[in-house]
>>> print(open('final_23.txt').read())   # compact mmCIF, C-alpha atoms
# COMPACT_ATOMS: atom_id res chain seq x y z
CA MET A 18 -20.87 -13.28 -20.28
CA THR A 19 -24.07 -11.68 -19.14
CA GLN A 20 -25.28 -8.48 -20.75
CA ASP A 21 -24.76 -6.22 -17.75
CA GLY A 22 -21.01 -5.77 -18.15
CA ILE A 23 -19.98 -2.25 -17.15
CA GLU A 24 -17.12 0.02 -18.11
CA LEU A 25 -15.32 2.16 -15.56
CA THR A 26 -13.41 5.28 -16.51
CA TRP A 27 -10.28 6.43 -14.73
CA SER A 28 -12.11 9.43 -13.26
CA ALA A 29 -14.78 7.18 -11.74
CA ARG A 30 -12.07 5.14 -10.06
CA VAL A 31 -10.56 8.06 -8.21
CA SER A 32 -13.76 9.90 -7.29
CA ARG A 33 -14.32 9.43 -3.56
CA PRO A 34 -16.31 11.12 -0.78
CA SER A 35 -13.14 11.58 1.29
CA PRO A 36 -9.46 10.59 1.00
CA PHE A 37 -10.13 7.71 3.38
CA ASP A 38 -13.04 6.00 1.62
CA PRO A 39 -13.06 3.80 -1.48
CA PRO A 40 -14.58 5.40 -4.60
CA GLU A 41 -18.35 5.50 -4.18
CA ILE A 42 -18.99 3.45 -7.30
CA PHE A 43 -17.01 0.51 -5.88
CA THR A 44 -19.16 0.47 -2.75
CA ARG A 45 -22.32 0.48 -4.83
CA LEU A 46 -21.09 -2.25 -7.17
CA ARG A 47 -19.97 -4.45 -4.27
CA ASN A 48 -23.32 -4.12 -2.56
CA GLU A 49 -25.14 -5.00 -5.78
CA ARG A 50 -22.93 -7.85 -6.95
CA PRO A 51 -19.48 -8.62 -5.43
CA LEU A 52 -18.26 -10.35 -8.62
CA ARG A 53 -19.63 -8.87 -11.80
CA PRO A 54 -18.79 -8.58 -15.51
CA LEU A 55 -16.50 -5.72 -16.50
CA ILE A 56 -15.67 -4.50 -19.98
CA PHE A 57 -11.96 -3.78 -20.00
CA ALA A 58 -10.32 -0.86 -21.81
CA ASP A 59 -9.42 -3.02 -24.84
CA GLY A 60 -12.94 -4.45 -25.10
CA HIS A 61 -12.00 -7.65 -23.24
CA PRO A 62 -14.97 -9.19 -21.37
CA GLY A 63 -13.60 -9.73 -17.87
CA TRP A 64 -14.67 -9.42 -14.26
CA LEU A 65 -14.57 -7.01 -11.35
CA ALA A 66 -14.23 -8.48 -7.85
CA THR A 67 -15.19 -6.18 -4.98
CA GLY A 68 -16.41 -8.56 -2.27
CA TYR A 69 -14.06 -9.82 0.44
CA ASP A 70 -14.81 -13.53 -0.02
CA VAL A 71 -14.41 -13.56 -3.80
CA VAL A 72 -11.23 -11.43 -3.76
CA ARG A 73 -9.64 -13.67 -1.13
CA ALA A 74 -10.69 -16.83 -2.96
CA ILE A 75 -9.18 -15.71 -6.26
CA LEU A 76 -5.93 -14.57 -4.61
CA ALA A 77 -5.58 -18.05 -3.09
CA ASP A 78 -6.42 -19.98 -6.29
CA SER A 79 -3.48 -21.25 -8.36
CA ARG A 80 -5.75 -21.42 -11.40
CA PHE A 81 -5.38 -17.66 -11.71
CA SER A 82 -2.17 -16.18 -13.13
CA ILE A 83 -0.46 -12.97 -12.02
CA ARG A 84 1.48 -12.65 -15.29
CA ARG A 85 0.90 -9.19 -16.77
CA GLU A 86 1.33 -10.31 -20.37
CA LEU A 87 -1.78 -12.50 -19.99
CA ALA A 88 -3.86 -9.70 -18.50
CA HIS A 89 -5.97 -7.00 -20.09
CA PRO A 90 -5.97 -3.35 -18.96
CA PRO A 91 -9.15 -2.65 -16.97
CA VAL A 92 -9.00 1.06 -17.75
CA MET A 93 -6.82 3.37 -19.78
CA MET A 94 -4.48 5.25 -17.49
CA PRO A 95 -4.04 9.00 -18.10
CA ASN A 96 -0.87 8.07 -19.99
CA SER A 97 -1.29 5.03 -22.27
CA ASN A 98 2.45 4.96 -23.06
CA ALA A 99 3.25 4.41 -19.39
CA GLN A 100 0.65 1.68 -19.19
CA ALA A 101 2.33 -0.29 -21.99
CA VAL A 102 5.51 -0.66 -19.92
CA PHE A 103 3.67 -2.34 -17.07
CA THR A 104 1.98 -4.95 -19.27
CA ALA A 105 5.27 -6.30 -20.65
CA PRO A 106 6.50 -9.78 -19.58
CA ALA A 107 8.41 -9.83 -16.30
CA PRO A 108 12.21 -9.65 -16.66
CA PRO A 109 14.33 -12.29 -14.86
CA GLY A 110 14.11 -11.78 -11.11
CA MET A 111 10.88 -9.76 -11.08
CA PHE A 112 9.15 -12.57 -9.19
CA VAL A 113 6.07 -10.60 -8.09
CA ARG A 114 4.85 -10.87 -11.66
CA MET A 115 5.57 -14.58 -12.07
CA ASP A 116 3.63 -17.79 -11.44
CA PRO A 117 5.05 -20.99 -9.94
CA PRO A 118 7.47 -22.63 -10.38
CA GLU A 119 9.53 -19.52 -11.25
CA HIS A 120 7.90 -17.50 -8.48
CA THR A 121 8.44 -20.29 -5.95
CA ARG A 122 12.18 -20.45 -6.64
CA TYR A 123 12.71 -16.74 -5.99
CA ARG A 124 10.29 -16.52 -3.08
CA LYS A 125 11.88 -19.41 -1.23
CA LEU A 126 15.30 -17.82 -1.57
CA LEU A 127 14.13 -14.48 -0.19
CA ALA A 128 11.73 -15.63 2.52
CA GLY A 129 14.57 -16.58 4.86
CA GLU A 130 15.87 -13.01 4.74
CA PHE A 131 12.55 -11.42 5.80
CA THR A 132 11.67 -13.38 8.94
CA VAL A 133 9.40 -11.92 11.63
CA ARG A 134 12.24 -12.17 14.13
CA ARG A 135 14.66 -10.27 11.92
CA MET A 136 12.16 -7.51 11.19
CA ARG A 137 11.26 -7.10 14.87
CA GLY A 138 14.95 -6.87 15.63
CA LEU A 139 15.00 -3.62 13.65
CA GLU A 140 12.76 -1.74 16.12
CA GLU A 141 15.60 0.05 17.87
CA ARG A 142 17.15 1.19 14.59
CA ILE A 143 13.77 2.36 13.26
CA ALA A 144 13.17 4.36 16.45
CA GLU A 145 16.63 5.91 16.15
CA ALA A 146 15.97 6.93 12.55
CA ALA A 147 12.53 8.32 13.41
CA HIS A 148 13.80 10.38 16.32
CA GLY A 149 16.60 11.75 14.16
CA CYS A 150 14.00 13.07 11.72
CA LEU A 151 11.87 14.41 14.56
CA ASP A 152 14.92 16.17 16.01
CA ASP A 153 15.38 17.95 12.69
CA MET A 154 11.70 18.89 12.61
CA GLU A 155 11.87 20.34 16.11
CA THR A 156 15.02 22.29 15.31
CA SER A 157 13.52 23.77 12.14
CA GLY A 158 10.24 24.51 13.87
CA PRO A 159 6.71 24.39 12.51
CA PRO A 160 5.21 24.11 10.02
CA ALA A 161 6.72 21.04 8.36
CA ASP A 162 5.82 18.77 5.48
CA LEU A 163 5.62 15.39 7.19
CA VAL A 164 6.06 13.54 3.88
CA THR A 165 9.53 14.94 3.23
CA ALA A 166 10.50 15.33 6.90
CA LEU A 167 9.60 11.85 8.17
CA CYS A 168 7.46 9.58 6.01
CA VAL A 169 9.90 9.25 3.12
CA PRO A 170 13.29 9.45 4.91
CA VAL A 171 12.70 6.71 7.51
CA PRO A 172 11.53 3.91 5.15
CA THR A 173 14.17 4.90 2.60
CA LEU A 174 16.97 4.76 5.16
CA LEU A 175 15.74 1.44 6.54
CA ILE A 176 15.40 -0.34 3.20
CA CYS A 177 18.80 0.96 2.13
CA GLU A 178 20.41 -0.34 5.32
CA LEU A 179 18.52 -3.63 5.07
CA LEU A 180 19.76 -4.10 1.51
CA GLY A 181 23.18 -2.62 2.21
CA LEU A 182 22.80 0.11 -0.45
CA PRO A 183 25.36 2.93 -0.21
CA ARG A 184 23.84 6.28 0.68
CA PRO A 185 25.35 8.22 -2.27
CA ILE A 186 23.15 6.34 -4.75
CA ILE A 187 19.90 7.00 -2.86
CA PRO A 188 19.02 10.39 -4.47
CA THR A 189 19.56 8.98 -7.97
CA PHE A 190 17.46 5.95 -7.10
CA ARG A 191 14.61 7.95 -5.64
CA GLN A 192 14.48 10.38 -8.56
CA ALA A 193 14.42 7.57 -11.11
CA ALA A 194 11.76 5.70 -9.11
CA ALA A 195 9.60 8.83 -9.01
CA THR A 196 9.83 9.15 -12.79
CA ALA A 197 8.97 5.47 -13.29
CA LEU A 198 5.84 5.82 -11.15
CA ASP A 199 4.70 9.17 -12.52
CA ALA A 200 1.58 8.80 -14.67
CA ASP A 201 2.74 11.76 -16.76
CA SER A 202 6.03 10.10 -17.76
CA THR A 203 6.36 8.89 -21.33
CA GLN A 204 7.22 5.30 -22.18
CA GLU A 205 10.75 6.42 -23.07
CA GLN A 206 11.16 8.25 -19.75
CA ILE A 207 9.97 5.22 -17.82
CA GLN A 208 12.31 2.89 -19.68
CA GLN A 209 15.22 5.28 -19.10
CA ALA A 210 14.34 5.50 -15.38
CA TYR A 211 14.43 1.72 -15.05
CA ALA A 212 17.71 1.59 -16.96
CA THR A 213 19.17 4.20 -14.59
CA MET A 214 18.16 2.21 -11.53
CA LEU A 215 19.32 -1.13 -12.89
CA ALA A 216 22.72 0.36 -13.85
CA LEU A 217 23.40 1.05 -10.17
CA PHE A 218 23.41 -2.63 -9.27
CA PRO A 219 26.27 -4.37 -11.16
CA PRO A 220 29.07 -2.60 -9.22
CA LEU A 221 27.15 -3.11 -5.98
CA ILE A 222 26.72 -6.82 -6.67
CA ALA A 223 30.43 -7.20 -7.46
CA SER A 224 31.35 -5.38 -4.25
CA LYS A 225 29.11 -7.56 -2.10
CA ARG A 226 30.52 -10.72 -3.64
CA GLU A 227 34.00 -9.58 -2.71
CA HIS A 228 33.10 -8.10 0.67
CA PRO A 229 29.86 -9.71 1.92
CA THR A 230 28.13 -8.24 4.98
CA SER A 231 25.12 -9.24 7.08
CA ASP A 232 22.55 -7.32 5.02
CA VAL A 233 19.70 -9.00 3.17
CA TYR A 234 21.08 -8.32 -0.30
CA SER A 235 24.48 -9.84 0.52
CA GLY A 236 22.72 -12.99 1.65
CA VAL A 237 20.82 -13.28 -1.63
CA ILE A 238 23.87 -12.45 -3.77
CA ASN A 239 26.14 -14.93 -2.07
CA SER A 240 23.65 -17.76 -2.23
CA GLY A 241 25.10 -18.30 -5.70
CA ALA A 242 21.66 -19.19 -7.02
CA LEU A 243 20.99 -16.12 -9.18
CA SER A 244 22.51 -14.38 -12.17
CA ASP A 245 23.54 -10.72 -12.08
CA GLU A 246 20.48 -9.83 -14.17
CA GLU A 247 18.18 -11.56 -11.69
CA LEU A 248 19.95 -9.93 -8.75
CA ALA A 249 19.59 -6.45 -10.26
CA SER A 250 15.84 -6.93 -10.78
CA ILE A 251 15.39 -8.24 -7.25
CA GLY A 252 17.38 -5.34 -5.79
CA LEU A 253 15.26 -2.87 -7.73
CA LEU A 254 12.04 -4.57 -6.66
CA LEU A 255 12.96 -4.71 -2.97
CA PHE A 256 14.05 -1.08 -2.90
CA ALA A 257 10.96 0.27 -4.65
CA ALA A 258 8.54 -1.87 -2.64
CA GLY A 259 10.38 -1.24 0.61
CA TYR A 260 10.10 2.52 0.73
CA GLU A 261 7.28 3.81 -1.48
CA THR A 262 4.48 1.68 -0.02
CA THR A 263 5.45 2.29 3.59
CA SER A 264 6.09 6.01 3.18
CA SER A 265 2.66 6.45 1.58
CA MET A 266 0.96 4.50 4.37
CA LEU A 267 2.82 6.46 7.07
CA ALA A 268 1.61 9.72 5.57
CA MET A 269 -1.91 8.42 5.02
CA GLY A 270 -2.07 6.89 8.50
CA THR A 271 -0.99 10.13 10.18
CA PHE A 272 -3.50 12.05 8.10
CA ALA A 273 -6.27 9.65 9.16
CA LEU A 274 -5.37 9.83 12.86
CA LEU A 275 -5.29 13.63 12.79
CA GLU A 276 -8.69 13.68 11.12
CA HIS A 277 -10.14 11.21 13.66
CA PRO A 278 -9.22 12.84 17.00
CA ARG A 279 -11.31 10.46 19.11
CA GLN A 280 -9.42 7.49 17.71
CA LEU A 281 -6.10 9.24 18.25
CA GLN A 282 -7.16 10.04 21.82
CA ALA A 283 -8.06 6.37 22.39
CA LEU A 284 -4.60 5.34 21.22
CA ARG A 285 -2.96 7.91 23.47
CA ARG A 286 -4.97 6.70 26.48
CA ASP A 287 -4.07 3.09 25.77
CA PRO A 288 -0.74 2.68 23.90
CA SER A 289 -1.29 -1.09 23.83
CA LEU A 290 -3.77 -0.39 21.01
CA ILE A 291 -0.89 0.39 18.64
CA ASP A 292 -0.93 -3.05 16.98
CA ASN A 293 -4.70 -2.81 16.47
CA THR A 294 -4.25 0.71 15.16
CA VAL A 295 -1.71 -0.38 12.57
CA GLU A 296 -3.92 -3.22 11.32
CA GLU A 297 -6.95 -0.92 11.20
CA LEU A 298 -5.01 1.70 9.24
CA LEU A 299 -3.94 -0.95 6.75
CA ARG A 300 -7.53 -2.16 6.37
CA TYR A 301 -9.21 1.23 6.35
CA LEU A 302 -6.75 3.00 4.04
CA THR A 303 -6.11 0.37 1.37
CA GLY A 304 -5.71 2.31 -1.88
CA PRO A 305 -8.08 2.27 -4.86
CA GLY A 306 -5.78 0.32 -7.17
CA GLY A 307 -6.69 -3.17 -8.31
CA MET A 308 -4.74 -6.42 -8.59
CA LEU A 309 -5.07 -8.36 -11.83
CA ARG A 310 -5.43 -12.13 -12.20
CA THR A 311 -6.16 -14.08 -15.39
CA ALA A 312 -7.91 -17.45 -15.41
CA LEU A 313 -5.75 -20.31 -16.74
CA GLU A 314 -8.84 -22.50 -17.07
CA ASP A 315 -12.57 -22.18 -16.50
CA VAL A 316 -13.12 -21.48 -12.78
CA GLU A 317 -16.34 -21.06 -10.81
CA VAL A 318 -16.10 -18.44 -8.06
CA GLY A 319 -18.96 -17.07 -5.99
CA GLY A 320 -21.52 -18.68 -8.26
CA GLU A 321 -20.04 -17.10 -11.41
CA LEU A 322 -18.13 -18.87 -14.19
CA ILE A 323 -14.88 -17.13 -15.08
CA LYS A 324 -13.70 -18.51 -18.40
CA LYS A 325 -10.15 -19.37 -19.38
CA GLY A 326 -8.29 -16.25 -20.55
CA GLN A 327 -10.60 -13.81 -18.79
CA THR A 328 -8.95 -11.21 -16.55
CA VAL A 329 -10.33 -10.31 -13.13
CA GLU A 330 -9.61 -6.99 -11.46
CA LEU A 331 -9.52 -7.44 -7.69
CA LEU A 332 -10.34 -4.28 -5.73
CA VAL A 333 -8.76 -4.91 -2.34
CA GLY A 334 -9.86 -1.52 -1.00
CA ALA A 335 -13.50 -2.39 -1.64
CA ALA A 336 -13.00 -5.87 -0.15
CA ASN A 337 -11.50 -4.41 3.01
CA HIS A 338 -14.64 -2.28 3.39
CA ASP A 339 -17.03 -5.20 2.88
CA PRO A 340 -19.69 -5.24 5.63
CA ALA A 341 -19.99 -8.99 5.16
CA ARG A 342 -16.49 -9.29 6.67
CA PHE A 343 -16.05 -6.18 8.86
CA GLN A 344 -18.76 -4.56 10.99
CA ARG A 345 -19.25 -0.84 10.23
CA PRO A 346 -16.38 -1.00 7.71
CA HIS A 347 -16.51 2.70 6.80
CA GLU A 348 -15.74 3.66 10.39
CA PHE A 349 -12.12 4.01 11.48
CA ASP A 350 -11.92 2.19 14.82
CA VAL A 351 -8.57 1.55 16.53
CA THR A 352 -10.20 -0.99 18.86
CA ARG A 353 -11.29 -3.15 15.92
CA PRO A 354 -9.49 -6.51 15.55
CA ALA A 355 -8.80 -5.94 11.84
CA ARG A 356 -6.58 -8.97 11.26
CA GLY A 357 -7.59 -10.79 8.13
CA HIS A 358 -7.60 -7.69 5.94
CA LEU A 359 -6.17 -8.03 2.44
CA ALA A 360 -3.92 -4.97 2.35
CA PHE A 361 -0.87 -7.20 1.82
CA GLY A 362 -2.70 -9.53 -0.52
CA HIS A 363 -3.27 -13.21 0.19
CA GLY A 364 -1.93 -16.56 -0.95
CA ILE A 365 1.47 -17.20 -2.47
CA HIS A 366 1.93 -13.59 -3.55
CA GLN A 367 1.25 -12.06 -0.12
CA CYS A 368 3.68 -9.20 0.46
CA LEU A 369 7.12 -10.45 1.48
CA GLY A 370 7.92 -7.26 3.42
CA GLN A 371 4.68 -7.02 5.40
CA GLN A 372 6.36 -7.54 8.79
CA LEU A 373 8.86 -4.78 8.07
CA ALA A 374 6.01 -2.44 7.14
CA ARG A 375 4.13 -3.28 10.34
CA VAL A 376 7.18 -2.62 12.52
CA GLU A 377 7.92 0.69 10.80
CA LEU A 378 4.33 1.89 11.09
CA ARG A 379 4.12 0.94 14.76
CA VAL A 380 7.42 2.49 15.81
CA VAL A 381 7.18 5.70 13.76
CA ILE A 382 3.56 6.46 14.70
CA GLN A 383 4.35 5.98 18.39
CA ALA A 384 7.45 8.18 18.15
CA LEU A 385 5.64 10.94 16.25
CA PHE A 386 2.67 11.35 18.58
CA THR A 387 4.75 10.92 21.72
CA ARG A 388 7.17 13.60 20.60
CA PHE A 389 4.51 16.00 19.30
CA PRO A 390 1.33 15.46 21.34
CA ARG A 391 -0.17 18.69 19.91
CA LEU A 392 0.47 17.71 16.29
CA ARG A 393 -2.21 18.97 13.92
CA LEU A 394 -2.71 19.75 10.24
CA ALA A 395 -1.39 23.10 9.04
CA ALA A 396 -3.91 23.25 6.16
CA PRO A 397 -7.56 22.29 5.74
CA ALA A 398 -7.95 18.57 5.07
CA GLN A 399 -9.71 19.19 1.76
CA GLU A 400 -6.65 21.11 0.52
CA ILE A 401 -4.19 18.24 1.11
CA PRO A 402 -3.01 17.18 -2.39
CA MET A 403 -3.39 13.45 -3.03
CA LYS A 404 -1.54 11.08 -5.38
CA ASP A 405 -4.62 10.04 -7.34
CA ASP A 406 -2.52 9.08 -10.37
CA SER A 407 -0.11 6.82 -8.48
CA PRO A 408 -0.33 3.12 -7.54
CA PHE A 409 0.82 4.24 -4.07
CA PHE A 410 -2.09 6.34 -2.87
CA GLY A 411 -1.45 8.98 -0.23
CA PRO A 412 -0.75 12.67 0.33
CA LYS A 413 1.77 14.38 -1.91
CA ARG A 414 2.42 16.74 0.99
CA LEU A 415 1.18 16.71 4.58
CA PRO A 416 1.72 20.12 6.23
CA VAL A 417 1.63 19.91 10.04
CA GLN A 418 2.27 22.14 13.02
CA TRP A 419 2.58 21.56 16.76
>>> encode(input="final_23.txt", output="structure tokens")
Amino acid sequence: MTQDGIELTWSARVSRPSPFDPPEIFTRLRNERPLRPLIFADGHPGWLATGYDVVRAILADSRFSIRRELAHPPVMMPNSNAQAVFTAPAPPGMFVRMDPPEHTRYRKLLAGEFTVRRMRGLEERIAEAAHGCLDDMETSGPPADLVTALCVPVPTLLICELLGLPRPIIPTFRQAAATALDADSTQEQIQQAYATMLALFPPLIASKREHPTSDVYSGVINSGALSDEELASIGLLLFAAGYETTSSMLAMGTFALLEHPRQLQALRRDPSLIDNTVEELLRYLTGPGGMLRTALEDVEVGGELIKKGQTVELLVGAANHDPARFQRPHEFDVTRPARGHLAFGHGIHQCLGQQLARVELRVVIQALFTRFPRLRLAAPAQEIPMKDDSPFFGPKRLPVQW
């Protein structure tokens, strides 16, 4: 380890010139050295990856493990009790925190349920759900909080229908999920929240075994390949990942478009730019959080030697703003061909639900700005409260009028 290892506090990681830009320190560090030594919160000598090429290379390299119990915390979260929960070994079924061959077994089983064709087939239902929310907004009249009126309800409804979850359990699920993700929750509160969510699954699993339907969860349950414990973890994972990430990006994407009127005007003039717009939003708005990988053996990456047992924090947001990969990366440009961004990760752990997220973003954004062509913020942009303490970065509220 060289002698220029740095330490990064939590406050430095969330300090940014605007809600749409990565923290300034990440930009500076990437420009100086895209893979550099980092002193982790527990004193562990690890690495910080901020450059596109090195982040992508590590994500694709099987010599790096995703297992949390092997990793070191890069920074102390505001609540250290909450942090301890997330560094525990993955329970059965929580495949996003597993290496092959365990990860491969789960991933192969689920991949057939999340095909591009199946996700695109949901467009009509997504549009119906979006317009239902927009009807309610129009009836109530302005102003409205777009987070609660549209950005949360549509992804929640869709993931519940995709998984075949009964609507009565949704409020309980969402409340428990909010507690689990709240940086101010204690370790006991987080554990209780997970227990509450997991307890909802056994009766649901039994019901779907007896009366299977065409939803994704029924297909996984009736494959006969997984235990009830594994099925509960997978159900929890798919629900949490299927609504929180997309709802945050919907809110953040709308915020960005409203704050970049020329880009919004370009999209309105040429609706065929919607696919480009979605990819550019995903690239431009990737949150500040980092992915962790731990070397299983000595590995040379980008001219640096990462030793066995050393953890690397991968800052995807910084990588997606790397000028070595994207021209004028700090500009939001809906005409940019932004494919190749790392918002969904890369390699074997690339997000399973990425096609669903793309379809939802495309359909909901089109519906929103078609229905309300005069949509605008109902508060100054600098007063929009942001979820700086959440792994799912975005506005807590997004007041709009039309």
>>> closest_residue(input="final_23.txt", among="A:Ala147, A:Ala29, A:Leu243, A:Ile75", to="Leu359 of chain A", atoms="only C-alpha atoms")
A:Ile75
>>> closest_atom_pairs(input="final_23.txt", of="segment 38-124 of chain A", to="segment 368-382 of chain A", cutoff="12 Å", atoms="only C-alpha atoms", output="CSV")
residue,atom,partner,partner_atom,distance
A:Phe112,CA,A:Leu369,CA,11.1
A:Val113,CA,A:Cys368,CA,9.0
A:Tyr123,CA,A:Leu369,CA,11.3
A:Arg124,CA,A:Leu369,CA,8.2
>>> closest_residue(input="final_23.txt", among="A:Met214, A:Ile83, A:Leu163, A:Ile143", to="Pro412 of chain A", atoms="all atoms listed in the file")
A:Leu163
>>> atom_distance(input="final_23.txt", atom1="atom CA of Glu247 of chain A", atom2="atom CA of Arg122 of chain A")
11.9 Å
>>> closest_residue(input="final_23.txt", among="A:Arg310, A:Arg114, A:His347, A:Arg47", to="Ser250 of chain A", atoms="all atoms listed in the file")
A:Arg114
>>> closest_residue(input="final_23.txt", among="A:Asn293, A:Gly334, A:Pro39, A:Gln204", to="Arg353 of chain A", atoms="all atoms listed in the file")
A:Asn293
>>> closest_residue(input="final_23.txt", among="A:Leu284, A:Ala384, A:Ile222, A:Val333", to="Asp245 of chain A", atoms="only C-alpha atoms")
A:Ile222
>>> closest_residue(input="final_23.txt", among="A:Ser28, A:Gln192, A:Thr387, A:Ser244", to="Val92 of chain A", atoms="all atoms listed in the file")
A:Ser28
>>> atom_distance(input="final_23.txt", atom1="atom CA of Leu65 of chain A", atom2="atom CA of Pro51 of chain A")
7.9 Å
>>> axis_aligned_box(input="final_23.txt", around="segment 383-393 of chain A", padding_each_side="3 Å", output="AutoDock Vina command-line options")
--center_x 2.6 --center_y 12.5 --center_z 17.8 --size_x 15.7 --size_y 19.0 --size_z 13.8
